[in-house]
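> What follows is a single structure, and I will ask about it in a moment.
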Amino acid sequence: MSAPLQTPPRVHRLSNGVTVICDPAPGYETLALSVVAGRGSRWEDRRRSGWSHLLEHMVFKGAGGRSARDIVESIEASGGQINAATGHERTSFQVRALAGGLPLALAVTADLVQRPTLDEGDLAREKQVVGQEIAEAADTPDDQVFELAQGAAFSDQAIGRPILGTVDALAPAGPADIEAWRAAIYAPDRLVISVAGAVDEDELLRLAEAHFGAAASPAATEPEPARFTGGEAVETRRLEQAHVVFMLPAPGLADPDHFALRLFVEILGGGMSSRLFQEAREKLGLAYAIDAFSDIYEDAGVLGVYAGCAAKDAGRLAEVTGQQMKAMAAGVERAELARAKAQLKAYVFMGRESLLTRAEQSAAQQLSFGRLLPSAEIAGLIDAVTIEDLARVGSRLISPGLTASSVLGAKGAAGAGSRLRDALYG
C-alpha cells in the first residue's frame, strides 16, 4: 500500500500582515493550532518586567464575551486542550483539537489575542497568583539557578531578567496599561497562525481572515541587541545538593555556525554517551545529573551546562567541564560527530511526528528566517558540518574570555565559577 501523499506546508499573508501557515498531515484525525506572537519579555523595559507573562494569564480570565470558565469549557467540551506560554522572544497560544475543531479553536484564540476583558478585579487577583508563581520559582533550586545564570550572562538587560518579572513591577499595571501592552506585543506584523494535521487550507484562510484580518495596532519598539556580559551569581542555601550552571557566549539563530553549535552541545553533554556524562558522572562520579544545552536567540546565544552535585565536588566538576570544552575546541572524534548528527537528525524528524511541534516549529521558523525550513534541508545542513567547523565553534565560544556562572547550595560550592574560568583561561 502506498503512503499518503504529503502536502508541503504553505505560507500565506493577510493584508494586515498576519501570517498563516497550513501544514496538512494525511491520516490524522486531530489538529494542532498555534497562534504565535513574535514578541515576549525581551521587549519589556525594567518598569514593565513581567507584563507579557501577566498578560498571557489575564487573557484567560475572560475574552470576547466568554468568561474564564467558558473559554476552557468550550474547548474541552469538544475534546480539545488549550494552553499558552510566554518566552523571551515569543508568546504562543496552543490548541489541540479533533478534526473539525478549527472554527472554535480559531474563534477562541482570536478573542484571547485581540479581545480580552481585562477586568480590574481579575487583574488584582491574577497579580497575587503570579506573585505566588514567582515565589514558587524562587523556592525551586533547579529553576532559580537558571534565573541566576541568565541574569549573570545578560546583566541589566530584559533578556537577563526573569520572564515572570517582579512583584514590584507588576503592582502598578492597570487594565489600560495591560491593554496597551497587548496591542503592542501582539501586533499583526509578527503574528503567525500555524495549523498542522487535519486541516483544510481554504477553510483555514477563510477563518483566519474572518477572525484576524481586521487586527491593527502599532508594534512595540524593538529591543536592543543582546550583550553577553558574563559574571557570577552565588546564592547560599542549606541544601543536600549544589546546583550549578555554567554559560559561554554563543552564536545566534541566524549565524552560519548554528548547526555546528548544536552538534558541539550534543557531543559535550547531550546524552549518556556525551563527554560530560561519561567523564564527570560515569568515570569520576562527580554528579548524578549533568547535561549541556544551548539557548539560542535571534541575535545571540549561550552554551550552557547544568549539574547537580555535592557541594564539595562543584569545583572539580567545573574544572572537568572547562577541560572538556577546551579539548573539544582542539578537535573531536569522527565517531562522536557521526553520533551527534544522528541524534540531532532524529530530533528533527521525530518532531515532525508531533502535530503541536510541527505547528510551533513552523511559526518559529517563519518569524526567525522569513520562510519554512524543510526537514530534508535541515538534515543536509547538519550533515554538512565538519570536524573543522566544530573546532571553529569551540574557539568562538572560548575566545571572548567571558563566562557566566550560577551556584545555588552550600557555601562549599561557591567557587565553582572561578574554577571554570581557571580551567578555560588559566
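Chains: A, B, ... in order of the C-alpha cells. Residues: from 1 per chain. Ligands: from 1, in order shown.
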Please report, as a ChimeraX atom specification, each residue of segment 139-372 of chain A to which DSSP assigns strand (DSSP E) when run on this structure's backbone.

/A:191-197,231-236,242-250,289-296,301-309

> Show which residues sit within 8 Å of segment 151-160 of chain A, as a PyMOL selection string. Count only C-alpha atoms, and ignore same-chain residues fewer than 5 positions away.

chain A and resi 41-46+49+88+226-233+247+403-406

> Run DSSP on the backbone of this structure and report the residues of segment 55-114 of chain A it assigns to helix (DSSP H, G or I), as a CSV table (one decimal) with N, CA and C atoms, in the first residue's frame.


chain,number,residue,atom,x,y,z
A,55,LEU,N,0.0,39.4,31.1
A,55,LEU,CA,-1.0,39.5,30.1
A,55,LEU,C,-1.4,38.1,29.6
A,56,GLU,N,-0.5,37.2,29.4
A,56,GLU,CA,-0.9,35.8,29.0
A,56,GLU,C,-1.8,35.2,30.0
A,57,HIS,N,-1.6,35.5,31.3
A,57,HIS,CA,-2.5,35.0,32.3
A,57,HIS,C,-3.9,35.7,32.2
A,58,MET,N,-3.9,37.0,32.0
A,58,MET,CA,-5.1,37.7,32.0
A,58,MET,C,-6.1,37.4,30.9
A,59,VAL,N,-5.6,37.1,29.7
A,59,VAL,CA,-6.5,36.9,28.6
A,59,VAL,C,-7.4,35.7,28.9
A,68,ALA,N,-13.9,33.1,32.0
A,68,ALA,CA,-12.7,32.2,32.2
A,68,ALA,C,-13.2,30.8,32.0
A,69,ARG,N,-14.3,30.5,32.7
A,69,ARG,CA,-14.8,29.1,32.6
A,69,ARG,C,-15.3,28.7,31.2
A,70,ASP,N,-15.9,29.7,30.5
A,70,ASP,CA,-16.4,29.4,29.2
A,70,ASP,C,-15.3,29.1,28.2
A,71,ILE,N,-14.2,29.8,28.4
A,71,ILE,CA,-13.0,29.6,27.5
A,71,ILE,C,-12.6,28.2,27.5
A,72,VAL,N,-12.3,27.7,28.7
A,72,VAL,CA,-11.7,26.3,28.8
A,72,VAL,C,-12.8,25.3,28.5
A,73,GLU,N,-14.0,25.5,29.0
A,73,GLU,CA,-15.1,24.5,28.8
A,73,GLU,C,-15.5,24.4,27.4
A,74,SER,N,-15.5,25.5,26.6
A,74,SER,CA,-15.8,25.4,25.2
A,74,SER,C,-14.8,24.5,24.4
A,75,ILE,N,-13.6,24.6,24.8
A,75,ILE,CA,-12.5,23.8,24.1
A,75,ILE,C,-12.6,22.4,24.6
A,76,GLU,N,-12.7,22.2,25.9
A,76,GLU,CA,-12.6,20.8,26.4
A,76,GLU,C,-13.9,20.0,26.1
A,102,LEU,N,-11.4,23.3,14.1
A,102,LEU,CA,-10.7,24.5,13.8
A,102,LEU,C,-11.5,25.8,14.0
A,103,PRO,N,-12.8,25.8,13.5
A,103,PRO,CA,-13.6,27.1,13.7
A,103,PRO,C,-13.6,27.5,15.2
A,104,LEU,N,-13.9,26.6,16.1
A,104,LEU,CA,-13.9,27.0,17.5
A,104,LEU,C,-12.6,27.4,18.0
A,105,ALA,N,-11.5,26.6,17.7
A,105,ALA,CA,-10.2,26.9,18.1
A,105,ALA,C,-9.7,28.3,17.7
A,106,LEU,N,-10.0,28.7,16.4
A,106,LEU,CA,-9.6,30.0,16.0
A,106,LEU,C,-10.4,31.1,16.6
A,107,ALA,N,-11.7,30.9,16.8
A,107,ALA,CA,-12.5,31.9,17.4
A,107,ALA,C,-12.1,32.2,18.8
A,108,VAL,N,-11.8,31.2,19.6
A,108,VAL,CA,-11.4,31.4,20.9
A,108,VAL,C,-10.0,32.1,21.0
A,109,THR,N,-9.0,31.6,20.2
A,109,THR,CA,-7.7,32.2,20.3
A,109,THR,C,-7.7,33.6,19.8
A,110,ALA,N,-8.6,33.9,18.8
A,110,ALA,CA,-8.7,35.3,18.3
A,110,ALA,C,-9.2,36.2,19.4
A,111,ASP,N,-10.2,35.7,20.2
A,111,ASP,CA,-10.6,36.5,21.3
A,111,ASP,C,-9.6,36.7,22.3
A,112,LEU,N,-8.8,35.7,22.6
A,112,LEU,CA,-7.7,35.8,23.6
A,112,LEU,C,-6.7,36.9,23.2
A,113,VAL,N,-6.3,36.8,22.0
A,113,VAL,CA,-5.2,37.7,21.5
A,113,VAL,C,-5.7,39.1,21.2
A,114,GLN,N,-7.0,39.2,20.8
A,114,GLN,CA,-7.4,40.6,20.4
A,114,GLN,C,-8.5,41.2,21.3

> What is the atom CA of Gln324 of chain A to atom CA of Gly380 of chain A distance in Å?

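Going from atom CA of Gln324 of chain A over to atom CA of Gly380 of chain A covers 27.5 Å.
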
> Can you pull out the residues contacting Tyr288 of chain A? Cut-off 12 Å, using only C-alpha atoms, and skip same-chain residues under 5 positions away; I want them as a PDB file with C-alpha atoms, in the first residue's frame.


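Dumped to part.pdb:
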ATOM      1  CA  GLN A 241      22.885  19.170  46.728  1.00  0.00           C
ATOM      2  CA  ALA A 242      24.534  22.097  44.969  1.00  0.00           C
ATOM      3  CA  HIS A 243      23.046  23.253  41.668  1.00  0.00           C
ATOM      4  CA  MET A 272      24.510   9.359  28.045  1.00  0.00           C
ATOM      5  CA  LEU A 276      30.479  15.194  30.299  1.00  0.00           C
ATOM      6  CA  PHE A 277      28.185  12.310  31.184  1.00  0.00           C
ATOM      7  CA  GLN A 278      30.923   9.762  30.620  1.00  0.00           C
ATOM      8  CA  GLU A 279      33.720  11.729  32.301  1.00  0.00           C
ATOM      9  CA  ALA A 280      32.005  13.617  35.127  1.00  0.00           C
ATOM     10  CA  ARG A 281      29.326  11.097  36.027  1.00  0.00           C
ATOM     11  CA  GLU A 282      30.422   7.631  34.939  1.00  0.00           C
ATOM     12  CA  LYS A 283      34.204   7.877  35.406  1.00  0.00           C
ATOM     13  CA  TYR A 306      23.793  22.314  34.262  1.00  0.00           C
ATOM     14  CA  ALA A 307      24.745  19.892  37.021  1.00  0.00           C
ATOM     15  CA  GLY A 308      23.525  18.835  40.421  1.00  0.00           C
ATOM     16  CA  CYS A 309      26.337  17.651  42.665  1.00  0.00           C
ATOM     17  CA  ALA A 310      27.665  17.533  46.208  1.00  0.00           C
ATOM     18  CA  ASP A 313      32.554  18.335  44.197  1.00  0.00           C
ATOM     19  CA  LEU A 317      33.157  19.428  38.283  1.00  0.00           C
TER      20      LEU A 317
END

> Could you name the residues that touch Ser368 of chain A at 12 Å or less, counting only C-alpha atoms, but leaving out those on the same chain fewer than 4 positions away, as an MDAnalysis selection string?

chainID A and resid 37:39 89:90 190 192 252:255 296:299 361:364 372:373

> Those same residues, written as a CSV table (one decimal), in the first residue's frame with C-alpha atoms?


chain,number,residue,atom,x,y,z
A,37,ALA,CA,3.2,36.5,18.6
A,38,GLY,CA,6.8,37.1,17.8
A,39,ARG,CA,7.4,39.2,20.9
A,89,GLU,CA,11.1,36.3,22.1
A,90,ARG,CA,7.7,34.7,21.6
A,190,ARG,CA,4.7,39.5,13.9
A,192,VAL,CA,1.6,33.9,13.0
A,252,GLY,CA,22.6,33.5,17.4
A,253,LEU,CA,20.0,31.8,15.4
A,254,ALA,CA,20.9,33.3,12.0
A,255,ASP,CA,24.6,32.6,12.4
A,296,ILE,CA,19.6,30.5,21.0
A,297,TYR,CA,18.0,33.8,20.4
A,298,GLU,CA,17.7,35.8,17.1
A,299,ASP,CA,20.9,37.8,17.7
A,361,GLN,CA,8.3,25.0,14.7
A,362,SER,CA,6.8,26.3,11.5
A,363,ALA,CA,5.7,29.5,13.3
A,364,ALA,CA,9.2,29.9,14.9
A,372,LEU,CA,10.0,27.5,6.4
A,373,LEU,CA,12.9,25.1,6.5

> From the set A:Ile267, A:Ile178, A:Leu408, A:Ala210, which residue has the shortest atom-to-atom contact distance to Ala338 of chain A, counting only C-alpha atoms?

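Closest to Ala338 of chain A, using only C-alpha atoms: A:Ile267.
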
> Within 8 Å of Lys127 of chain A, counting only C-alpha atoms, which residues show up once you throw out same-chain ones fewer than 2 positions away? Write them as a CSV table (one decimal) with C-alpha atoms, in the first residue's frame, please.


chain,number,residue,atom,x,y,z
A,54,LEU,CA,0.9,38.7,33.3
A,123,LEU,CA,-6.2,41.8,37.4
A,124,ALA,CA,-5.7,42.3,41.1
A,125,ARG,CA,-6.3,38.6,41.8
A,129,VAL,CA,-1.4,34.4,41.6
A,130,VAL,CA,1.7,35.4,39.6
A,131,GLY,CA,3.3,36.6,42.8
A,167,VAL,CA,6.0,41.8,42.2
A,170,LEU,CA,3.6,44.2,38.2
A,171,ALA,CA,2.0,46.2,41.0

> Taking 5 positions as the minimum chain separation for residues in the same chain, which residues sit within 9 Å of Glu235 of chain A when counting only C-alpha atoms? Answer as an mmCIF file with C-alpha atoms, in the first residue's frame.


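Resulting contents of result12.cif:
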data_model
loop_
_atom_site.group_PDB
_atom_site.id
_atom_site.type_symbol
_atom_site.label_atom_id
_atom_site.label_comp_id
_atom_site.auth_asym_id
_atom_site.auth_seq_id
_atom_site.Cartn_x
_atom_site.Cartn_y
_atom_site.Cartn_z
ATOM 1 C CA VAL A 145 19.788 28.536 39.428
ATOM 2 C CA LEU A 148 20.612 33.465 38.352
ATOM 3 C CA SER A 406 25.492 30.478 38.994
ATOM 4 C CA VAL A 407 25.804 28.355 42.099
ATOM 5 C CA LEU A 408 22.948 27.618 44.468
ATOM 6 C CA GLY A 409 23.612 25.474 47.518
ATOM 7 C CA ALA A 410 26.018 25.037 50.408
ATOM 8 C CA LYS A 411 28.861 27.501 50.845
ATOM 9 C CA ALA A 414 30.648 28.931 45.859
#

> Choose the residue, out of A:Ile398, A:Ile378, A:Ala25, A:Leu420, that has the smallest atom-to-atom separation from Asp200 of chain A; count only C-alpha atoms.

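Residue with the minimum atom-to-atom distance to Asp200 of chain A: A:Ala25.
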
> I need the residue nearest Phe349 of chain A from this list: A:Ala149, A:Ala169, A:Ala376, A:Ala220. Use only C-alpha atoms for the distance.

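Among the listed residues, the smallest separation from Phe349 of chain A belongs to A:Ala376.
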
> Quick one: of A:Ala327, A:Leu205, A:Leu118, A:Ile382, who's nearest to Ile21 of chain A, counting only C-alpha atoms?

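Checking each candidate against Ile21 of chain A, we get A:Leu205 as the closest.
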
> List the spatial neighbours of Val35 of chain A as a list in words - criterion: any atom at most 6 Å away, only C-alpha atoms, same-chain residues fewer than 6 positions off excluded.

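Those residues are Ser92, Phe93, Val192 and Ile193 of chain A.
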
> Which is closest to Gln366 of chain A among A:Gln94, A:Thr166, A:Ser194, A:Thr30, if we use only C-alpha atoms?

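Ranked by minimum distance to Gln366 of chain A, first place goes to A:Ser194.
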